[in-house]
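Working notes for the structure below.
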Amino acid sequence: MPGLNSLEDSGNLRGLPWMLAISQVAGIAMVVMIGVWLNTYLGGFAWDGGPKEFNLHPLCMICGMVFLYGEAALVYRVFRNSRKLKVKLIHAGLLFLAFFAIIIGLVAVFSFHRANNIANLYSLHSWCGITTVIMFCFQLLLGFLTFLFPGARSSLRSTYLPIHQFFGGAILVLAAISSISGINEKLFFVYAKDPKNPDKVTYPQLPGGAVFGNVCGLVVVAFVFLILFIIQRSEWKRPTDPEEEALSIHFRRVVSQGSEDSG
């Protein structure tokens with residue numbers, strides 16, 4: 001009965017708007033707090049080869065790999081009743097915005113290292129980070145070819161979908177790990193004890209910048225946990241649309257027939 005199904009769906013979705021709202025508050029707070037931390041305690045931003053240029057790296061990576069990537073994961077929960085192609089395009093658009101933010105963040109850190117004769121990719125943070133970026137790029141490419149490319153078969157899509165979903169969550173977890181390890185690494189660099197200046201404030205004494213940085217890391221973890229909680233709830237997933245699947249199959253048949261006729 002359609003009316004009964006509607007009531008059941010309404011009951012299952014009762015907590016979704018609240019969780020989405022909380023996740024958005026956490027995500028916006030995360031981006032704002034990272035910006036404030038870098039601007040207030042670490043000198044701000046510039047493209048000059050110095051520490052201010054480095055500050056663009058954590059800002060862009062968290063905006064791209066955590067916030068925008070997390071927002072892209074929520075698209076299918078937010079637009080549950082919109083046309084699937086529209087939702088796919090929004091999902092892909094957010095991922096491509098994340099990709100551009102990641103590129104800027106990587107260029108900033110490598111440019112800073114080159115200008116200051118610092119080795120690249122030597123820390124555990126950098127290894128986790130570059131692994132996350134590589135996985136993200138493969139996820140973006142394979143997702144585009146499988147779910148947006150018109151010639152992809154429905155059997156391929158259904159087979160790859162659970163793999164895509166698993167690695168989507170795994171990449172978000174790796175992004176969180178890379179972010180909090182990067183924040184911690186930066187705090188050690190900034191507040192490490194200087195043997196030549198014993199009176200310098202150190203990390204264990206928790207100056208304001210260290211406290212704020214630690215809180216930023218906790219907010220990153222909270223945002224990622226909220227995203228994972230929302231996307232793993234089966235009752236909040238977008239319902240399948242048999243009509244859209246039938247249109248997709250018909251479209252592929254038309255394309256295939258056109259190719260045969262042109263041949």
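Please note that chains go A, B, ... in the order of the structure tokens, that every chain numbers its residues from 1, and that ligands are numbered from 1 in the order shown.
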As a PDB file with all heavy atoms, in the first residue's frame, list the residues of stretch 134-165 of chain A assigned to alpha helix (DSSP H) by DSSP on the backbone atoms of this structure.
ATOM      1  N   ILE A 134      46.224   9.405  -4.025  1.00  0.00           N
ATOM      2  CA  ILE A 134      46.255   8.442  -5.136  1.00  0.00           C
ATOM      3  C   ILE A 134      44.962   7.627  -5.172  1.00  0.00           C
ATOM      4  O   ILE A 134      44.361   7.435  -6.244  1.00  0.00           O
ATOM      5  CB  ILE A 134      47.484   7.515  -5.008  1.00  0.00           C
ATOM      6  CG1 ILE A 134      48.772   8.314  -5.237  1.00  0.00           C
ATOM      7  CG2 ILE A 134      47.399   6.360  -6.011  1.00  0.00           C
ATOM      8  CD1 ILE A 134      50.035   7.551  -4.919  1.00  0.00           C
ATOM      9  N   MET A 135      44.515   7.167  -4.015  1.00  0.00           N
ATOM     10  CA  MET A 135      43.261   6.411  -3.959  1.00  0.00           C
ATOM     11  C   MET A 135      42.084   7.274  -4.396  1.00  0.00           C
ATOM     12  O   MET A 135      41.179   6.808  -5.102  1.00  0.00           O
ATOM     13  CB  MET A 135      43.040   5.873  -2.547  1.00  0.00           C
ATOM     14  CG  MET A 135      43.994   4.762  -2.142  1.00  0.00           C
ATOM     15  SD  MET A 135      43.769   4.239  -0.413  1.00  0.00           S
ATOM     16  CE  MET A 135      42.089   3.607  -0.460  1.00  0.00           C
ATOM     17  N   PHE A 136      42.094   8.528  -3.988  1.00  0.00           N
ATOM     18  CA  PHE A 136      41.030   9.455  -4.396  1.00  0.00           C
ATOM     19  C   PHE A 136      40.991   9.617  -5.908  1.00  0.00           C
ATOM     20  O   PHE A 136      39.909   9.606  -6.524  1.00  0.00           O
ATOM     21  CB  PHE A 136      41.241  10.812  -3.730  1.00  0.00           C
ATOM     22  CG  PHE A 136      40.376  11.911  -4.290  1.00  0.00           C
ATOM     23  CD1 PHE A 136      39.070  12.067  -3.841  1.00  0.00           C
ATOM     24  CD2 PHE A 136      40.858  12.783  -5.253  1.00  0.00           C
ATOM     25  CE1 PHE A 136      38.265  13.077  -4.357  1.00  0.00           C
ATOM     26  CE2 PHE A 136      40.062  13.789  -5.773  1.00  0.00           C
ATOM     27  CZ  PHE A 136      38.757  13.943  -5.316  1.00  0.00           C
ATOM     28  N   CYS A 137      42.148   9.767  -6.534  1.00  0.00           N
ATOM     29  CA  CYS A 137      42.210   9.950  -7.991  1.00  0.00           C
ATOM     30  C   CYS A 137      41.675   8.717  -8.718  1.00  0.00           C
ATOM     31  O   CYS A 137      40.917   8.838  -9.692  1.00  0.00           O
ATOM     32  CB  CYS A 137      43.635  10.262  -8.426  1.00  0.00           C
ATOM     33  SG  CYS A 137      44.223  11.891  -7.898  1.00  0.00           S
ATOM     34  N   PHE A 138      42.060   7.531  -8.261  1.00  0.00           N
ATOM     35  CA  PHE A 138      41.535   6.307  -8.874  1.00  0.00           C
ATOM     36  C   PHE A 138      40.029   6.203  -8.650  1.00  0.00           C
ATOM     37  O   PHE A 138      39.283   5.800  -9.555  1.00  0.00           O
ATOM     38  CB  PHE A 138      42.243   5.076  -8.292  1.00  0.00           C
ATOM     39  CG  PHE A 138      43.539   4.748  -8.971  1.00  0.00           C
ATOM     40  CD1 PHE A 138      44.754   4.922  -8.321  1.00  0.00           C
ATOM     41  CD2 PHE A 138      43.557   4.267 -10.272  1.00  0.00           C
ATOM     42  CE1 PHE A 138      45.952   4.626  -8.946  1.00  0.00           C
ATOM     43  CE2 PHE A 138      44.750   3.961 -10.911  1.00  0.00           C
ATOM     44  CZ  PHE A 138      45.951   4.144 -10.250  1.00  0.00           C
ATOM     45  N   GLN A 139      39.577   6.549  -7.458  1.00  0.00           N
ATOM     46  CA  GLN A 139      38.151   6.501  -7.155  1.00  0.00           C
ATOM     47  C   GLN A 139      37.373   7.446  -8.069  1.00  0.00           C
ATOM     48  O   GLN A 139      36.299   7.099  -8.585  1.00  0.00           O
ATOM     49  CB  GLN A 139      37.931   6.885  -5.690  1.00  0.00           C
ATOM     50  CG  GLN A 139      36.486   6.915  -5.225  1.00  0.00           C
ATOM     51  CD  GLN A 139      35.998   5.564  -4.742  1.00  0.00           C
ATOM     52  OE1 GLN A 139      36.543   4.528  -5.110  1.00  0.00           O
ATOM     53  NE2 GLN A 139      34.966   5.562  -3.927  1.00  0.00           N
ATOM     54  N   LEU A 140      37.913   8.633  -8.284  1.00  0.00           N
ATOM     55  CA  LEU A 140      37.259   9.627  -9.137  1.00  0.00           C
ATOM     56  C   LEU A 140      37.194   9.148 -10.579  1.00  0.00           C
ATOM     57  O   LEU A 140      36.150   9.239 -11.241  1.00  0.00           O
ATOM     58  CB  LEU A 140      38.007  10.954  -9.042  1.00  0.00           C
ATOM     59  CG  LEU A 140      37.426  12.149  -9.806  1.00  0.00           C
ATOM     60  CD1 LEU A 140      36.026  12.476  -9.296  1.00  0.00           C
ATOM     61  CD2 LEU A 140      38.341  13.355  -9.679  1.00  0.00           C
ATOM     62  N   LEU A 141      38.302   8.626 -11.081  1.00  0.00           N
ATOM     63  CA  LEU A 141      38.356   8.157 -12.470  1.00  0.00           C
ATOM     64  C   LEU A 141      37.432   6.966 -12.696  1.00  0.00           C
ATOM     65  O   LEU A 141      36.623   6.954 -13.640  1.00  0.00           O
ATOM     66  CB  LEU A 141      39.792   7.789 -12.831  1.00  0.00           C
ATOM     67  CG  LEU A 141      40.004   7.188 -14.232  1.00  0.00           C
ATOM     68  CD1 LEU A 141      39.601   8.190 -15.306  1.00  0.00           C
ATOM     69  CD2 LEU A 141      41.464   6.756 -14.408  1.00  0.00           C
ATOM     70  N   LEU A 142      37.531   5.955 -11.836  1.00  0.00           N
ATOM     71  CA  LEU A 142      36.712   4.755 -12.007  1.00  0.00           C
ATOM     72  C   LEU A 142      35.232   5.059 -11.791  1.00  0.00           C
ATOM     73  O   LEU A 142      34.367   4.494 -12.476  1.00  0.00           O
ATOM     74  CB  LEU A 142      37.175   3.667 -11.041  1.00  0.00           C
ATOM     75  CG  LEU A 142      38.569   3.097 -11.307  1.00  0.00           C
ATOM     76  CD1 LEU A 142      38.959   2.092 -10.225  1.00  0.00           C
ATOM     77  CD2 LEU A 142      38.644   2.430 -12.677  1.00  0.00           C
ATOM     78  N   GLY A 143      34.938   5.945 -10.859  1.00  0.00           N
ATOM     79  CA  GLY A 143      33.546   6.333 -10.641  1.00  0.00           C
ATOM     80  C   GLY A 143      32.964   7.035 -11.857  1.00  0.00           C
ATOM     81  O   GLY A 143      31.821   6.786 -12.243  1.00  0.00           O
ATOM     82  N   SER A 154      24.990  -1.974 -16.942  1.00  0.00           N
ATOM     83  CA  SER A 154      24.368  -1.995 -15.612  1.00  0.00           C
ATOM     84  C   SER A 154      24.969  -3.081 -14.736  1.00  0.00           C
ATOM     85  O   SER A 154      25.087  -2.920 -13.515  1.00  0.00           O
ATOM     86  CB  SER A 154      22.856  -2.203 -15.746  1.00  0.00           C
ATOM     87  OG  SER A 154      22.580  -3.407 -16.433  1.00  0.00           O
ATOM     88  N   SER A 155      25.375  -4.215 -15.342  1.00  0.00           N
ATOM     89  CA  SER A 155      25.993  -5.292 -14.572  1.00  0.00           C
ATOM     90  C   SER A 155      27.321  -4.835 -13.981  1.00  0.00           C
ATOM     91  O   SER A 155      27.658  -5.175 -12.843  1.00  0.00           O
ATOM     92  CB  SER A 155      26.201  -6.525 -15.450  1.00  0.00           C
ATOM     93  OG  SER A 155      27.012  -6.218 -16.574  1.00  0.00           O
ATOM     94  N   LEU A 156      28.080  -4.053 -14.764  1.00  0.00           N
ATOM     95  CA  LEU A 156      29.353  -3.523 -14.259  1.00  0.00           C
ATOM     96  C   LEU A 156      29.103  -2.548 -13.122  1.00  0.00           C
ATOM     97  O   LEU A 156      29.807  -2.565 -12.108  1.00  0.00           O
ATOM     98  CB  LEU A 156      30.115  -2.840 -15.392  1.00  0.00           C
ATOM     99  CG  LEU A 156      31.401  -2.097 -15.005  1.00  0.00           C
ATOM    100  CD1 LEU A 156      32.424  -3.071 -14.429  1.00  0.00           C
ATOM    101  CD2 LEU A 156      31.985  -1.369 -16.217  1.00  0.00           C
ATOM    102  N   ARG A 157      28.093  -1.704 -13.274  1.00  0.00           N
ATOM    103  CA  ARG A 157      27.774  -0.737 -12.229  1.00  0.00           C
ATOM    104  C   ARG A 157      27.372  -1.431 -10.931  1.00  0.00           C
ATOM    105  O   ARG A 157      27.819  -1.038  -9.851  1.00  0.00           O
ATOM    106  CB  ARG A 157      26.647   0.189 -12.698  1.00  0.00           C
ATOM    107  CG  ARG A 157      27.052   1.136 -13.817  1.00  0.00           C
ATOM    108  CD  ARG A 157      25.878   1.963 -14.295  1.00  0.00           C
ATOM    109  NE  ARG A 157      26.281   2.888 -15.341  1.00  0.00           N
ATOM    110  CZ  ARG A 157      25.443   3.679 -16.008  1.00  0.00           C
ATOM    111  NH1 ARG A 157      24.148   3.633 -15.722  1.00  0.00           N
ATOM    112  NH2 ARG A 157      25.887   4.489 -16.947  1.00  0.00           N
ATOM    113  N   SER A 158      26.512  -2.427 -11.036  1.00  0.00           N
ATOM    114  CA  SER A 158      26.056  -3.122  -9.838  1.00  0.00           C
ATOM    115  C   SER A 158      27.190  -3.892  -9.165  1.00  0.00           C
ATOM    116  O   SER A 158      27.228  -4.015  -7.936  1.00  0.00           O
ATOM    117  CB  SER A 158      24.912  -4.069 -10.188  1.00  0.00           C
ATOM    118  OG  SER A 158      25.335  -5.041 -11.136  1.00  0.00           O
ATOM    119  N   THR A 159      28.133  -4.393  -9.963  1.00  0.00           N
ATOM    120  CA  THR A 159      29.275  -5.114  -9.397  1.00  0.00           C
ATOM    121  C   THR A 159      30.248  -4.171  -8.715  1.00  0.00           C
ATOM    122  O   THR A 159      30.766  -4.458  -7.625  1.00  0.00           O
ATOM    123  CB  THR A 159      30.012  -5.901 -10.499  1.00  0.00           C
ATOM    124  OG1 THR A 159      29.112  -6.837 -11.094  1.00  0.00           O
ATOM    125  CG2 THR A 159      31.213  -6.645  -9.931  1.00  0.00           C
ATOM    126  N   TYR A 160      30.481  -3.021  -9.344  1.00  0.00           N
ATOM    127  CA  TYR A 160      31.480  -2.086  -8.820  1.00  0.00           C
ATOM    128  C   TYR A 160      30.932  -1.217  -7.685  1.00  0.00           C
ATOM    129  O   TYR A 160      31.702  -0.722  -6.863  1.00  0.00           O
ATOM    130  CB  TYR A 160      31.993  -1.185  -9.951  1.00  0.00           C
ATOM    131  CG  TYR A 160      32.996  -0.155  -9.499  1.00  0.00           C
ATOM    132  CD1 TYR A 160      34.231  -0.543  -8.966  1.00  0.00           C
ATOM    133  CD2 TYR A 160      32.709   1.207  -9.561  1.00  0.00           C
ATOM    134  CE1 TYR A 160      35.153   0.394  -8.524  1.00  0.00           C
ATOM    135  CE2 TYR A 160      33.620   2.148  -9.128  1.00  0.00           C
ATOM    136  CZ  TYR A 160      34.830   1.738  -8.611  1.00  0.00           C
ATOM    137  OH  TYR A 160      35.735   2.672  -8.169  1.00  0.00           O
ATOM    138  N   LEU A 161      29.603  -1.049  -7.606  1.00  0.00           N
ATOM    139  CA  LEU A 161      29.024  -0.137  -6.615  1.00  0.00           C
ATOM    140  C   LEU A 161      29.466  -0.431  -5.179  1.00  0.00           C
ATOM    141  O   LEU A 161      29.912   0.494  -4.479  1.00  0.00           O
ATOM    142  CB  LEU A 161      27.499  -0.154  -6.713  1.00  0.00           C
ATOM    143  CG  LEU A 161      26.765   0.756  -5.719  1.00  0.00           C
ATOM    144  CD1 LEU A 161      27.194   2.209  -5.905  1.00  0.00           C
ATOM    145  CD2 LEU A 161      25.249   0.621  -5.891  1.00  0.00           C
ATOM    146  N   PRO A 162      29.380  -1.667  -4.677  1.00  0.00           N
ATOM    147  CA  PRO A 162      29.833  -1.908  -3.289  1.00  0.00           C
ATOM    148  C   PRO A 162      31.322  -1.646  -3.100  1.00  0.00           C
ATOM    149  O   PRO A 162      31.740  -1.207  -2.024  1.00  0.00           O
ATOM    150  CB  PRO A 162      29.478  -3.383  -3.046  1.00  0.00           C
ATOM    151  CG  PRO A 162      29.296  -3.983  -4.387  1.00  0.00           C
ATOM    152  CD  PRO A 162      28.794  -2.892  -5.276  1.00  0.00           C
ATOM    153  N   ILE A 163      32.127  -1.894  -4.140  1.00  0.00           N
ATOM    154  CA  ILE A 163      33.566  -1.599  -4.064  1.00  0.00           C
ATOM    155  C   ILE A 163      33.765  -0.089  -3.970  1.00  0.00           C
ATOM    156  O   ILE A 163      34.558   0.415  -3.166  1.00  0.00           O
ATOM    157  CB  ILE A 163      34.298  -2.174  -5.287  1.00  0.00           C
ATOM    158  CG1 ILE A 163      34.115  -3.688  -5.348  1.00  0.00           C
ATOM    159  CG2 ILE A 163      35.784  -1.810  -5.259  1.00  0.00           C
ATOM    160  CD1 ILE A 163      34.656  -4.320  -6.615  1.00  0.00           C
ATOM    161  N   HIS A 164      33.029   0.647  -4.801  1.00  0.00           N
ATOM    162  CA  HIS A 164      33.092   2.108  -4.802  1.00  0.00           C
ATOM    163  C   HIS A 164      32.692   2.666  -3.442  1.00  0.00           C
ATOM    164  O   HIS A 164      33.341   3.587  -2.914  1.00  0.00           O
ATOM    165  CB  HIS A 164      32.160   2.636  -5.900  1.00  0.00           C
ATOM    166  CG  HIS A 164      32.195   4.106  -6.082  1.00  0.00           C
ATOM    167  ND1 HIS A 164      33.221   4.761  -6.734  1.00  0.00           N
ATOM    168  CD2 HIS A 164      31.315   5.073  -5.696  1.00  0.00           C
ATOM    169  CE1 HIS A 164      32.975   6.062  -6.747  1.00  0.00           C
ATOM    170  NE2 HIS A 164      31.834   6.278  -6.122  1.00  0.00           N
ATOM    171  N   GLN A 165      31.645   2.107  -2.872  1.00  0.00           N
ATOM    172  CA  GLN A 165      31.177   2.580  -1.564  1.00  0.00           C
ATOM    173  C   GLN A 165      32.184   2.277  -0.457  1.00  0.00           C
ATOM    174  O   GLN A 165      32.422   3.112   0.419  1.00  0.00           O
ATOM    175  CB  GLN A 165      29.823   1.945  -1.256  1.00  0.00           C
ATOM    176  CG  GLN A 165      28.700   2.426  -2.153  1.00  0.00           C
ATOM    177  CD  GLN A 165      27.419   1.649  -1.966  1.00  0.00           C
ATOM    178  OE1 GLN A 165      27.434   0.496  -1.523  1.00  0.00           O
ATOM    179  NE2 GLN A 165      26.286   2.263  -2.282  1.00  0.00           N
TER     180      GLN A 165
END
Do you know which residues are at most 12 Å from A:Gly43 counting only C-alpha atoms, after dropping those on the same chain fewer than 3 positions away, and could you put them as a VMD selection string? chain A and resid 35 to 40 46 50 to 56 190 209
Within 12 Å of stretch 228-237 of chain A: each stretch 172-213 of chain A residue with its shortest pair, only C-alpha atoms, as CSV:
residue,atom,partner,partner_atom,distance
A:Leu172,CA,A:Leu228,CA,8.5
A:Val173,CA,A:Leu228,CA,8.8
A:Ala176,CA,A:Leu228,CA,11.6
Dump of N, CA, C and O atoms for the selected residues, as a compact mmCIF listing (two decimals), in the first residue's frame:
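Saved to again_38.txt:
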# COMPACT_ATOMS: atom_id res chain seq x y z
N LEU A 172 37.85 8.41 3.10
CA LEU A 172 37.50 9.44 4.08
C LEU A 172 38.20 9.20 5.41
O LEU A 172 38.67 10.14 6.06
N VAL A 173 38.29 7.94 5.82
CA VAL A 173 39.01 7.60 7.06
C VAL A 173 40.49 7.94 6.92
O VAL A 173 41.11 8.54 7.82
N ALA A 176 41.03 11.60 7.24
CA ALA A 176 41.02 12.04 8.64
C ALA A 176 42.34 11.72 9.32
O ALA A 176 42.90 12.55 10.06
Residues near A:Phe188, anyone? I mean within 12 Å using only C-alpha atoms, not counting same-chain ones fewer than 3 positions away, as a list in words.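 Skipping anything fewer than 3 positions along the chain leaves Ser181, Gly182, Ile183, Asn184, Glu185, Tyr191, Ala192, Lys193, Asp194, Val201, Thr202, Tyr203, Pro204, Gln205, Leu206, Gly209, Ala210, Gly213 and Asn214 of chain A.
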Residues of stretch 130-229 of chain A that have any atom at most 8 Å from an atom of stretch 72-88 of chain A: could you tabulate them with the shortest-distance atom pair and the distance in Å to one decimal, using only C-alpha atoms, ordered by chain and increasing number, as a tab-separated table?
residue	atom	partner	partner_atom	distance
A:Phe147	CA	A:Lys88	CA	7.9
A:Leu148	CA	A:Lys88	CA	7.4
A:Gly168	CA	A:Ala73	CA	7.8
A:Ile227	CA	A:Leu74	CA	7.2
What does the distance between atom CA of A:Ala98 and atom CA of A:Ile22 come to in Å, to one decimal place?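 Between atom CA of A:Ala98 and atom CA of A:Ile22 the gap is 21.3 Å.
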Quick one, how far is atom CA of A:Leu174 from atom CA of A:Gly15?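 According to the coordinates, atom CA of A:Leu174 and atom CA of A:Gly15 are separated by 27.0 Å.
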Among A:Leu95, A:Leu121, A:Ile62, A:Leu89, A:Val109 is approached most closely, using only C-alpha atoms, by A:Leu121
Do you have the atom CA of A:Leu97-atom CA of A:Leu68 distance handy?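 These two atoms are separated by 7.4 Å.
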Go through A:Asn197, A:Ser178, A:Gln24, A:Thr240 and flag the residue nearest A:Cys128, using only C-alpha atoms for the distances.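 Answer, going by the shortest atom-to-atom distance: A:Ser178.
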